[in-house]
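Raw start.txt, compact mmCIF, C-alpha atoms (C1' of nucleotides):
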```txt
# COMPACT_ATOMS: atom_id res chain seq x y z
CA MET A 5 9.07 7.73 -12.32
CA SER A 6 10.29 5.04 -10.01
CA ASP A 7 9.21 3.41 -6.81
CA VAL A 8 10.90 1.82 -3.83
CA VAL A 9 11.31 -1.51 -5.57
CA ASP A 10 13.12 0.10 -8.51
CA ALA A 11 15.56 1.52 -6.02
CA ILE A 12 16.08 -1.85 -4.36
CA ILE A 13 16.71 -3.57 -7.68
CA GLY A 14 19.08 -0.80 -8.64
CA GLN A 15 21.09 -1.48 -5.52
CA TRP A 16 21.28 -5.18 -6.21
CA THR A 17 22.34 -4.55 -9.77
CA LYS A 18 25.32 -2.58 -8.56
CA GLU A 19 26.28 -4.73 -5.63
CA ARG A 20 25.47 -8.16 -7.00
CA PRO A 21 25.58 -8.03 -10.82
CA ASP A 22 25.81 -11.82 -10.79
CA VAL A 23 22.19 -12.23 -9.70
CA VAL A 24 20.55 -9.66 -11.95
CA GLU A 25 19.11 -12.36 -14.18
CA ASP A 26 17.22 -13.85 -11.24
CA LEU A 27 15.75 -10.62 -9.97
CA TRP A 28 12.65 -10.48 -12.13
CA PRO A 29 10.34 -12.16 -9.59
CA VAL A 30 11.25 -9.44 -7.14
CA GLU A 31 9.63 -6.88 -9.43
CA LEU A 32 6.30 -8.54 -8.72
CA PHE A 33 6.67 -9.99 -5.23
CA ALA A 34 8.31 -7.05 -3.53
CA ARG A 35 5.54 -4.77 -4.75
CA ILE A 36 2.89 -7.17 -3.57
CA GLN A 37 4.40 -7.27 -0.11
CA ARG A 38 4.90 -3.56 0.04
CA LEU A 39 1.32 -2.87 -0.97
CA ALA A 40 0.05 -5.51 1.42
CA ARG A 41 1.67 -3.63 4.28
CA VAL A 42 0.08 -0.37 3.27
CA ILE A 43 -3.33 -1.95 2.85
CA ASP A 44 -3.02 -3.86 6.12
CA LYS A 45 -2.21 -0.80 8.13
CA SER A 46 -5.05 1.14 6.64
CA ALA A 47 -7.58 -1.65 7.05
CA LYS A 48 -6.43 -2.24 10.60
CA ALA A 49 -7.13 1.36 11.48
CA ALA A 50 -10.56 1.25 9.85
CA ALA A 51 -11.52 -1.85 11.84
CA ALA A 52 -10.10 -0.50 15.09
CA ALA A 53 -12.48 2.44 14.81
CA HIS A 54 -15.24 -0.07 15.41
CA GLY A 55 -13.51 -1.85 18.25
CA VAL A 56 -12.48 -4.95 16.35
CA GLU A 57 -9.10 -6.39 15.47
CA HIS A 58 -8.09 -7.03 11.91
CA GLY A 59 -8.49 -10.77 12.28
CA GLU A 60 -11.82 -10.38 14.02
CA PHE A 61 -13.08 -8.22 11.17
CA ASP A 62 -12.14 -11.02 8.83
CA VAL A 63 -14.31 -13.44 10.80
CA LEU A 64 -17.21 -10.99 10.82
CA THR A 65 -17.22 -10.43 7.09
CA THR A 66 -16.74 -14.10 6.35
CA LEU A 67 -19.83 -14.80 8.41
CA GLN A 68 -21.93 -12.07 6.90
CA ARG A 69 -21.17 -12.85 3.30
CA SER A 70 -21.85 -16.54 3.92
CA GLY A 71 -25.52 -15.61 4.14
CA PRO A 72 -28.21 -17.08 6.39
CA PRO A 73 -28.02 -18.55 8.93
CA TYR A 74 -24.77 -16.57 9.38
CA ALA A 75 -23.05 -19.48 11.06
CA LEU A 76 -19.94 -21.42 10.08
CA THR A 77 -17.84 -24.07 11.75
CA ALA A 78 -14.41 -23.28 13.18
CA GLY A 79 -12.95 -25.49 10.49
CA ALA A 80 -14.51 -23.39 7.77
CA PHE A 81 -12.64 -20.36 9.08
CA LEU A 82 -9.43 -22.30 9.09
CA LYS A 83 -9.72 -22.99 5.38
CA ALA A 84 -10.84 -19.49 4.55
CA SER A 85 -8.46 -17.46 6.66
CA MET A 86 -4.92 -18.73 6.07
CA VAL A 87 -4.12 -18.73 9.78
CA THR A 88 -3.63 -21.58 12.25
CA SER A 89 -6.23 -23.23 14.45
CA GLY A 90 -4.98 -21.57 17.61
CA ALA A 91 -5.56 -18.17 16.07
CA ILE A 92 -9.15 -19.04 15.20
CA THR A 93 -9.89 -20.25 18.71
CA ASN A 94 -8.50 -17.08 20.21
CA ARG A 95 -10.40 -14.86 17.82
CA ILE A 96 -13.67 -16.58 18.58
CA ASP A 97 -12.94 -16.36 22.32
CA ARG A 98 -12.45 -12.63 22.12
CA MET A 99 -15.39 -12.06 19.83
CA GLU A 100 -17.65 -14.14 22.02
CA ALA A 101 -16.62 -12.02 25.02
CA LYS A 102 -17.52 -8.94 23.03
CA GLY A 103 -20.91 -10.39 22.13
CA LEU A 104 -20.18 -10.36 18.40
CA VAL A 105 -20.62 -14.09 17.89
CA GLU A 106 -21.74 -17.11 19.86
CA ARG A 107 -20.62 -20.71 19.86
CA VAL A 108 -23.40 -23.12 19.08
CA ARG A 109 -23.01 -26.86 19.52
CA GLU A 110 -25.84 -28.47 17.67
CA GLY A 111 -26.38 -31.04 14.98
CA ASP A 112 -25.31 -34.63 14.71
CA ASP A 113 -21.56 -34.13 14.93
CA ARG A 114 -20.73 -33.01 18.44
CA ARG A 115 -17.12 -32.25 17.58
CA THR A 116 -18.04 -29.33 15.41
CA VAL A 117 -18.71 -25.88 16.76
CA ARG A 118 -20.77 -23.44 14.79
CA ILE A 119 -19.87 -19.79 15.13
CA ARG A 120 -22.96 -17.67 14.72
CA LEU A 121 -23.18 -13.94 14.22
CA THR A 122 -25.23 -12.23 16.92
CA GLU A 123 -27.54 -9.31 16.25
CA HIS A 124 -24.91 -7.00 17.67
CA GLY A 125 -22.31 -8.66 15.49
CA HIS A 126 -24.45 -7.96 12.46
CA GLU A 127 -24.68 -4.30 13.25
CA VAL A 128 -20.97 -3.92 13.89
CA THR A 129 -20.16 -5.77 10.68
CA ARG A 130 -22.41 -3.55 8.60
CA ALA A 131 -20.91 -0.38 9.97
CA ALA A 132 -17.32 -1.58 9.89
CA PHE A 133 -17.64 -2.99 6.38
CA ALA A 134 -19.03 0.28 5.07
CA ASP A 135 -16.04 2.12 6.50
CA HIS A 136 -13.75 -0.55 5.17
CA LEU A 137 -14.99 -0.10 1.62
CA ALA A 138 -14.87 3.67 1.92
CA ASN A 139 -11.29 3.36 3.08
CA TYR A 140 -10.42 1.12 0.15
CA ALA A 141 -12.00 3.54 -2.27
CA GLN A 142 -10.04 6.41 -0.82
CA LEU A 143 -6.77 4.54 -1.11
CA LEU A 144 -7.42 4.10 -4.81
CA ALA A 145 -8.98 7.50 -5.34
CA ASP A 146 -6.11 8.77 -7.47
CA VAL A 147 -5.45 5.55 -9.33
CA ASP A 148 -6.78 5.02 -12.81
CA ARG A 149 -9.76 2.70 -12.64
CA ASP A 150 -8.76 0.79 -15.73
CA LEU A 151 -5.30 0.19 -14.33
CA VAL A 152 -6.83 -1.28 -11.18
CA GLU A 153 -8.92 -3.71 -13.17
CA LYS A 154 -6.11 -4.81 -15.46
CA THR A 155 -3.70 -5.29 -12.57
CA ALA A 156 -6.27 -7.20 -10.55
CA GLU A 157 -6.82 -9.45 -13.53
CA GLY A 158 -3.10 -10.11 -13.76
CA LEU A 159 -2.97 -11.02 -10.10
CA ARG A 160 -5.88 -13.35 -10.49
CA GLN A 161 -4.05 -15.29 -13.14
CA VAL A 162 -1.03 -15.54 -10.88
CA LEU A 163 -3.19 -16.79 -8.02
CA GLU A 164 -4.81 -19.38 -10.25
CA THR A 165 -1.48 -20.62 -11.51
CA LEU A 166 -0.22 -20.86 -7.95
CA GLY A 167 -3.18 -23.06 -7.20
CA ASP A 168 -5.06 -20.73 -4.90
CA THR A 169 -8.50 -21.88 -5.95
CA PRO A 170 -11.70 -21.75 -3.90
CA VAL A 171 -13.34 -24.46 -1.86
CA LYS A 172 -11.13 -27.43 -2.31
CA MET B 138 -11.51 -19.91 -14.43
CA SER B 139 -11.96 -18.21 -11.12
CA ASP B 140 -10.00 -17.73 -7.96
CA VAL B 141 -10.79 -17.31 -4.28
CA VAL B 142 -11.51 -13.61 -4.63
CA ASP B 143 -14.07 -14.22 -7.36
CA ALA B 144 -15.86 -16.52 -4.96
CA ILE B 145 -15.78 -13.91 -2.20
CA ILE B 146 -17.17 -11.22 -4.45
CA GLY B 147 -19.82 -13.61 -5.65
CA GLN B 148 -20.93 -14.13 -2.08
CA TRP B 149 -21.11 -10.42 -1.40
CA THR B 150 -23.09 -9.87 -4.57
CA LYS B 151 -25.73 -12.27 -3.36
CA GLU B 152 -25.82 -11.27 0.26
CA ARG B 153 -25.27 -7.53 -0.04
CA PRO B 154 -26.33 -6.38 -3.51
CA ASP B 155 -26.40 -2.84 -2.15
CA VAL B 156 -22.60 -2.66 -1.96
CA VAL B 157 -21.70 -4.26 -5.28
CA GLU B 158 -20.78 -0.89 -6.76
CA ASP B 159 -18.12 -0.39 -4.10
CA LEU B 160 -16.52 -3.78 -4.41
CA TRP B 161 -14.08 -3.04 -7.21
CA PRO B 162 -11.13 -2.19 -4.93
CA VAL B 163 -11.51 -5.63 -3.38
CA GLU B 164 -10.63 -7.19 -6.72
CA LEU B 165 -7.17 -5.71 -6.39
CA PHE B 166 -6.56 -5.54 -2.65
CA ALA B 167 -7.85 -8.96 -1.67
CA ARG B 168 -5.60 -10.56 -4.26
CA ILE B 169 -2.62 -8.59 -3.06
CA GLN B 170 -3.20 -9.72 0.50
CA ARG B 171 -3.80 -13.29 -0.49
CA LEU B 172 -0.64 -13.43 -2.58
CA ALA B 173 1.33 -11.68 0.15
CA ARG B 174 0.42 -14.48 2.54
CA VAL B 175 1.55 -17.14 0.11
CA ILE B 176 4.81 -15.36 -0.62
CA ASP B 177 5.45 -14.68 3.06
CA LYS B 178 5.04 -18.27 4.07
CA SER B 179 7.31 -19.47 1.32
CA ALA B 180 9.97 -16.86 1.99
CA LYS B 181 9.82 -17.56 5.69
CA ALA B 182 10.56 -21.22 5.11
CA ALA B 183 13.44 -20.42 2.79
CA ALA B 184 15.02 -18.12 5.38
CA ALA B 185 14.42 -20.55 8.23
CA ALA B 186 16.50 -23.12 6.39
CA HIS B 187 19.44 -20.82 7.07
CA GLY B 188 18.57 -20.18 10.68
CA VAL B 189 17.24 -16.66 10.26
CA GLU B 190 13.82 -15.17 10.82
CA HIS B 191 11.96 -13.41 8.08
CA GLY B 192 12.63 -9.98 9.57
CA GLU B 193 16.26 -10.80 10.15
CA PHE B 194 16.63 -11.82 6.53
CA ASP B 195 15.27 -8.44 5.59
CA VAL B 196 17.97 -6.73 7.61
CA LEU B 197 20.67 -8.91 6.08
CA THR B 198 19.69 -8.20 2.50
CA THR B 199 19.20 -4.51 3.18
CA LEU B 200 22.75 -4.40 4.48
CA GLN B 201 24.26 -6.37 1.66
CA ARG B 202 22.63 -4.44 -1.15
CA SER B 203 23.63 -1.16 0.48
CA GLY B 204 27.20 -1.97 -0.60
CA PRO B 205 30.44 -1.21 1.24
CA PRO B 206 30.96 -0.71 4.10
CA TYR B 207 27.85 -2.84 4.67
CA ALA B 208 26.77 -0.74 7.60
CA LEU B 209 23.60 1.27 8.18
CA THR B 210 22.11 3.09 11.13
CA ALA B 211 19.14 1.73 13.03
CA GLY B 212 17.14 4.65 11.73
CA ALA B 213 17.85 3.66 8.16
CA PHE B 214 16.25 0.29 8.81
CA LEU B 215 13.23 1.95 10.31
CA LYS B 216 12.58 3.86 7.10
CA ALA B 217 13.31 0.90 4.88
CA SER B 218 11.46 -1.83 6.74
CA MET B 219 7.96 -0.61 7.55
CA VAL B 220 8.12 -1.87 11.11
CA THR B 221 8.41 -0.07 14.44
CA SER B 222 11.56 0.87 16.29
CA GLY B 223 11.09 -1.80 18.92
CA ALA B 224 11.10 -4.47 16.25
CA ILE B 225 14.38 -3.19 14.82
CA THR B 226 16.06 -3.17 18.22
CA ASN B 227 14.95 -6.74 18.87
CA ARG B 228 16.07 -7.93 15.47
CA ILE B 229 19.51 -6.44 15.89
CA ASP B 230 19.75 -7.92 19.38
CA ARG B 231 19.05 -11.39 18.09
CA MET B 232 21.28 -11.02 15.06
CA GLU B 233 24.15 -9.72 17.16
CA ALA B 234 23.81 -12.75 19.43
CA LYS B 235 24.04 -14.95 16.36
CA GLY B 236 27.13 -13.14 15.15
CA LEU B 237 25.46 -11.94 11.96
CA VAL B 238 25.92 -8.23 12.63
CA GLU B 239 27.67 -6.00 15.12
CA ARG B 240 26.75 -2.66 16.62
CA VAL B 241 29.34 0.01 16.01
CA ARG B 242 29.25 3.35 17.77
CA GLU B 243 31.55 5.63 15.89
CA GLY B 244 31.41 8.97 14.14
CA ASP B 245 30.50 12.39 15.36
CA ASP B 246 26.91 11.68 16.40
CA ARG B 247 27.03 9.41 19.39
CA ARG B 248 23.30 8.80 19.34
CA THR B 249 23.48 6.81 16.14
CA VAL B 250 24.36 3.15 16.06
CA ARG B 251 25.71 1.61 12.92
CA ILE B 252 24.77 -1.98 12.23
CA ARG B 253 27.54 -3.71 10.35
CA LEU B 254 27.45 -7.03 8.57
CA THR B 255 30.05 -9.46 9.91
CA GLU B 256 31.97 -11.87 7.73
CA HIS B 257 29.69 -14.63 8.92
CA GLY B 258 26.70 -12.45 8.18
CA HIS B 259 27.95 -11.99 4.65
CA GLU B 260 28.19 -15.71 4.08
CA VAL B 261 24.77 -16.43 5.49
CA THR B 262 23.24 -13.66 3.42
CA ARG B 263 24.75 -14.93 0.19
CA ALA B 264 23.53 -18.44 0.77
CA ALA B 265 20.09 -17.45 2.03
CA PHE B 266 19.57 -14.94 -0.77
CA ALA B 267 20.43 -17.51 -3.40
CA ASP B 268 17.83 -19.86 -1.96
CA HIS B 269 15.39 -17.00 -1.67
CA LEU B 270 15.65 -16.16 -5.37
CA ALA B 271 15.44 -19.81 -6.32
CA ASN B 272 12.30 -20.08 -4.24
CA TYR B 273 10.82 -17.03 -5.92
CA ALA B 274 11.59 -18.41 -9.34
CA GLN B 275 9.96 -21.69 -8.49
CA LEU B 276 6.81 -19.99 -7.28
CA LEU B 277 6.51 -18.29 -10.66
CA ALA B 278 7.72 -21.25 -12.67
CA ASP B 279 4.35 -21.87 -14.30
CA VAL B 280 3.37 -18.24 -14.72
CA ASP B 281 3.78 -16.51 -18.04
CA ARG B 282 6.80 -14.24 -17.88
CA ASP B 283 5.14 -11.45 -19.78
CA LEU B 284 2.19 -11.50 -17.41
CA VAL B 285 4.55 -11.12 -14.46
CA GLU B 286 6.15 -8.07 -16.00
CA LYS B 287 2.91 -6.40 -16.94
CA THR B 288 1.34 -7.02 -13.56
CA ALA B 289 4.42 -5.79 -11.74
CA GLU B 290 4.30 -2.64 -13.84
CA GLY B 291 0.68 -2.11 -12.85
CA LEU B 292 1.53 -2.50 -9.20
CA ARG B 293 4.36 -0.02 -9.53
CA GLN B 294 1.98 2.60 -10.81
CA VAL B 295 -0.33 1.94 -7.89
CA LEU B 296 2.55 2.26 -5.44
CA GLU B 297 3.66 5.50 -7.01
CA THR B 298 0.19 6.95 -6.87
CA LEU B 299 -0.12 5.92 -3.25
CA GLY B 300 3.04 7.89 -2.58
CA ASP B 301 5.34 5.01 -1.76
CA THR B 302 8.44 6.59 -3.23
CA PRO B 303 12.05 5.94 -2.25
CA VAL B 304 14.34 7.87 0.07
CA LYS B 305 12.24 10.75 1.20
C1' DC C 48 26.67 28.72 28.52
C1' DT C 49 22.09 27.53 29.73
C1' DT C 50 17.52 26.22 28.41
C1' DG C 51 14.26 24.00 25.46
C1' DA C 52 13.35 21.41 21.58
C1' DT C 53 14.50 17.82 18.47
C1' DA C 54 16.51 13.37 17.18
C1' DA C 55 18.20 8.42 17.67
C1' DT C 56 17.84 4.43 20.04
C1' DC C 57 16.32 1.39 23.56
C1' DT C 58 12.90 -0.54 27.19
C1' DC C 59 9.04 -3.21 28.29
C1' DA C 60 4.39 -4.77 28.95
C1' DA C 61 0.52 -6.05 26.12
C1' DC C 62 -1.00 -8.31 22.12
C1' DG C 63 -2.03 -11.80 18.37
C1' DT C 64 -0.10 -15.66 16.05
C1' DT C 65 2.35 -19.96 15.76
C1' DG C 66 2.73 -24.79 16.11
C1' DA C 67 2.99 -28.89 18.54
C1' DG C 68 0.32 -31.49 21.47
C1' DA C 69 -4.01 -32.70 24.10
C1' DT C 70 -8.83 -33.87 24.17
C1' DA C 71 -12.84 -35.81 22.52
C1' DA C 72 -15.98 -37.46 19.05
C1' DA C 73 -16.87 -39.94 14.74
C1' DA C 74 -15.83 -43.26 11.18
C1' DG C 75 -13.70 -47.46 9.35
C1' DC C 76 -12.90 -52.15 10.00
C1' DA C 77 -12.61 -56.73 11.86
C1' DT D 192 -18.74 -55.03 19.96
C1' DG D 193 -13.81 -53.68 20.27
C1' DC D 194 -9.88 -51.32 18.12
C1' DT D 195 -7.53 -48.11 15.28
C1' DT D 196 -7.55 -44.11 12.47
C1' DT D 197 -9.25 -39.85 11.30
C1' DT D 198 -11.44 -35.44 12.17
C1' DA D 199 -12.62 -31.12 14.85
C1' DT D 200 -11.46 -28.12 18.24
C1' DC D 201 -8.96 -26.37 22.06
C1' DT D 202 -4.63 -25.60 25.10
C1' DC D 203 -0.51 -23.27 26.02
C1' DA D 204 4.22 -21.79 25.98
C1' DA D 205 7.26 -19.45 22.84
C1' DC D 206 7.83 -15.92 19.58
C1' DG D 207 7.99 -11.33 17.10
C1' DT D 208 5.73 -6.98 16.80
C1' DT D 209 3.49 -2.93 18.58
C1' DG D 210 3.48 1.48 20.63
C1' DA D 211 4.08 4.53 24.28
C1' DG D 212 7.53 6.12 27.15
C1' DA D 213 12.41 6.51 28.87
C1' DT D 214 17.13 7.66 27.94
C1' DT D 215 20.81 9.99 26.04
C1' DA D 216 22.80 13.04 22.67
C1' DT D 217 22.65 17.02 19.46
C1' DC D 218 20.97 21.36 17.86
C1' DA D 219 19.02 26.13 18.16
C1' DA D 220 18.26 30.21 20.47
C1' DG D 221 18.93 33.61 23.64
```
I'd like the structure from this file rewritten - as structure tokens, please.
Amino acid sequence: MSDVVDAIIGQWTKERPDVVEDLWPVELFARIQRLARVIDKSAKAAAAAHGVEHGEFDVLTTLQRSGPPYALTAGAFLKASMVTSGAITNRIDRMEAKGLVERVREGDDRRTVRIRLTEHGHEVTRAAFADHLANYAQLLADVDRDLVEKTAEGLRQVLETLGDTPVK
Amino acid sequence: MSDVVDAIIGQWTKERPDVVEDLWPVELFARIQRLARVIDKSAKAAAAAHGVEHGEFDVLTTLQRSGPPYALTAGAFLKASMVTSGAITNRIDRMEAKGLVERVREGDDRRTVRIRLTEHGHEVTRAAFADHLANYAQLLADVDRDLVEKTAEGLRQVLETLGDTPVK
DNA sequence: CTTGATAATCTCAACGTTGAGATAAAAGCA
DNA sequence: TGCTTTTATCTCAACGTTGAGATTATCAAG
């Protein structure tokens, strides 16, 4: 059996035999990117069914899994989300308009803004997250469970080596 | 050792113990998405050094590895690139303005447009691709080579099972 | 031939992100 | 207290993609 990436590497091997030795990272990275696209599209559709954008869903779940009081600063999202500050501001703006979250300025530091999940936001998150997990499960329905675990473990080691560690 | 995804799953386990059983796909997918972001950013920077966007670089390499006569139809890019038709048109527009490719209307079907790599496009592609591979190699410099191969193999099986096969 | 359906590409407004800069508050230091 | 630096968030124009629809060409019947 072979996949799209095998085909791509086969083409390079024919057209550019001089770079074949340097193609091994492509075996990993191209597949990661390809799978990311597939997952993204699917997750986007699952979130859209609940009226939220992909990035907004990310904010919702980050808030919910953070536990009580379900409020984080804008800066916390910046570190967690891998997007720029402008994107966070826009997301919060939209989500506030939808009544999913609310900005709360309280505490000693008046520069910080806490983003708090509303009751409505909680409900939407619960429903959307359930669909999200169901969607994930369906994507992997025909994949051997042991293979998933072993591959995930391999990716974790790559992430660690690349320095993608939590809460720096 | 633990990575960002371990931390995320740990949070879910505490806050939503009722969904722990359904979290296993996250172990794989979250890492794929996280790595995809890292790779994307790095690849984007490498391409930008040669004055081309990420998507444009994709068109360039697709053309070069297709071999002589280094020309493909717009439709071929659609199937290969996982983006929409509008994106392809825009990419070609920009690349034509830069002198990287040229639109050629020839052959029996006058609806089709062949996108052909120019001499300048060839040069840029060679240089950018060399940097791209060097960048990839550096990202994986501290990762065990055997781990890369095994993980890539796991991802291939997932892709195959998901039906991402070449040239349908 | 003509009609209808299919196929290939392009158009364009809406959308979310980027990234540099602005604003404002807090902290460090003299 | 004043002054500078740092930190947190927001602003906004530019950018690339999306996705539905328009355009033009080919194919299949009748």
Within 8 Å of chain B, which residues of chain C are there when counting all atoms listed in the file? Please give them as JSON, numbers by chain. {"C": [55, 56, 57]}
Could you list, as JSON, numbers by chain, every residue within 9 Å of Ala50 (chain A), counting only C-alpha atoms (C1' of nucleotides) and ignoring same-chain residues fewer than 4 positions away? {"A": [45, 46, 54, 58, 132, 133, 135, 136, 139]}
Compute the distance from (-6.3, 2.2, -10.1) to each atom, counting all atoms listed in the file, keep the residues with any atom at most 12 Å away, and return them as a PDB file with C-alpha atoms, keeping the file's coordinate frame; use the coordinates of the file.
```
ATOM      1  CA  TYR A 140     -10.420   1.120   0.150  1.00  0.00           C
ATOM      2  CA  ALA A 141     -12.000   3.540  -2.270  1.00  0.00           C
ATOM      3  CA  GLN A 142     -10.040   6.410  -0.820  1.00  0.00           C
ATOM      4  CA  LEU A 143      -6.770   4.540  -1.110  1.00  0.00           C
ATOM      5  CA  LEU A 144      -7.420   4.100  -4.810  1.00  0.00           C
ATOM      6  CA  ALA A 145      -8.980   7.500  -5.340  1.00  0.00           C
ATOM      7  CA  ASP A 146      -6.110   8.770  -7.470  1.00  0.00           C
ATOM      8  CA  VAL A 147      -5.450   5.550  -9.330  1.00  0.00           C
ATOM      9  CA  ASP A 148      -6.780   5.020 -12.810  1.00  0.00           C
ATOM     10  CA  ARG A 149      -9.760   2.700 -12.640  1.00  0.00           C
ATOM     11  CA  ASP A 150      -8.760   0.790 -15.730  1.00  0.00           C
ATOM     12  CA  LEU A 151      -5.300   0.190 -14.330  1.00  0.00           C
ATOM     13  CA  VAL A 152      -6.830  -1.280 -11.180  1.00  0.00           C
ATOM     14  CA  GLU A 153      -8.920  -3.710 -13.170  1.00  0.00           C
ATOM     15  CA  LYS A 154      -6.110  -4.810 -15.460  1.00  0.00           C
ATOM     16  CA  THR A 155      -3.700  -5.290 -12.570  1.00  0.00           C
ATOM     17  CA  ALA A 156      -6.270  -7.200 -10.550  1.00  0.00           C
TER      18      ALA A 156
ATOM     19  CA  TRP B 161     -14.080  -3.040  -7.210  1.00  0.00           C
ATOM     20  CA  PRO B 162     -11.130  -2.190  -4.930  1.00  0.00           C
ATOM     21  CA  VAL B 163     -11.510  -5.630  -3.380  1.00  0.00           C
ATOM     22  CA  GLU B 164     -10.630  -7.190  -6.720  1.00  0.00           C
ATOM     23  CA  LEU B 165      -7.170  -5.710  -6.390  1.00  0.00           C
ATOM     24  CA  PHE B 166      -6.560  -5.540  -2.650  1.00  0.00           C
ATOM     25  CA  GLY B 291       0.680  -2.110 -12.850  1.00  0.00           C
ATOM     26  CA  LEU B 292       1.530  -2.500  -9.200  1.00  0.00           C
ATOM     27  CA  ARG B 293       4.360  -0.020  -9.530  1.00  0.00           C
ATOM     28  CA  GLN B 294       1.980   2.600 -10.810  1.00  0.00           C
ATOM     29  CA  VAL B 295      -0.330   1.940  -7.890  1.00  0.00           C
ATOM     30  CA  LEU B 296       2.550   2.260  -5.440  1.00  0.00           C
ATOM     31  CA  GLU B 297       3.660   5.500  -7.010  1.00  0.00           C
ATOM     32  CA  THR B 298       0.190   6.950  -6.870  1.00  0.00           C
ATOM     33  CA  LEU B 299      -0.120   5.920  -3.250  1.00  0.00           C
TER      34      LEU B 299
END
```
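You can rank C:DA71, C:DG63, C:DT50, C:DC76 by their closest distance to DA199 (chain D) using all atoms listed in the file, and at the top of that list sits C:DA71.
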Each residue of chain D with at least one atom at most 8 Å from chain B should appear once, together with its nearest atom pair and the corresponding distance in Å (one decimal); atoms considered: only C-alpha atoms (C1' of nucleotides); ordering: chain, then increasing residue number; output as a Markdown table.
```
| residue | atom | partner | partner_atom | distance |
| --- | --- | --- | --- | --- |
| D:DG207 | C1' | B:Ala224 | CA | 7.6 |
| D:DT208 | C1' | B:Ala224 | CA | 6.0 |
| D:DT209 | C1' | B:Thr221 | CA | 7.0 |
| D:DT215 | C1' | B:Arg248 | CA | 7.2 |
| D:DA216 | C1' | B:Arg248 | CA | 5.4 |
| D:DT217 | C1' | B:Asp246 | CA | 7.5 |
```
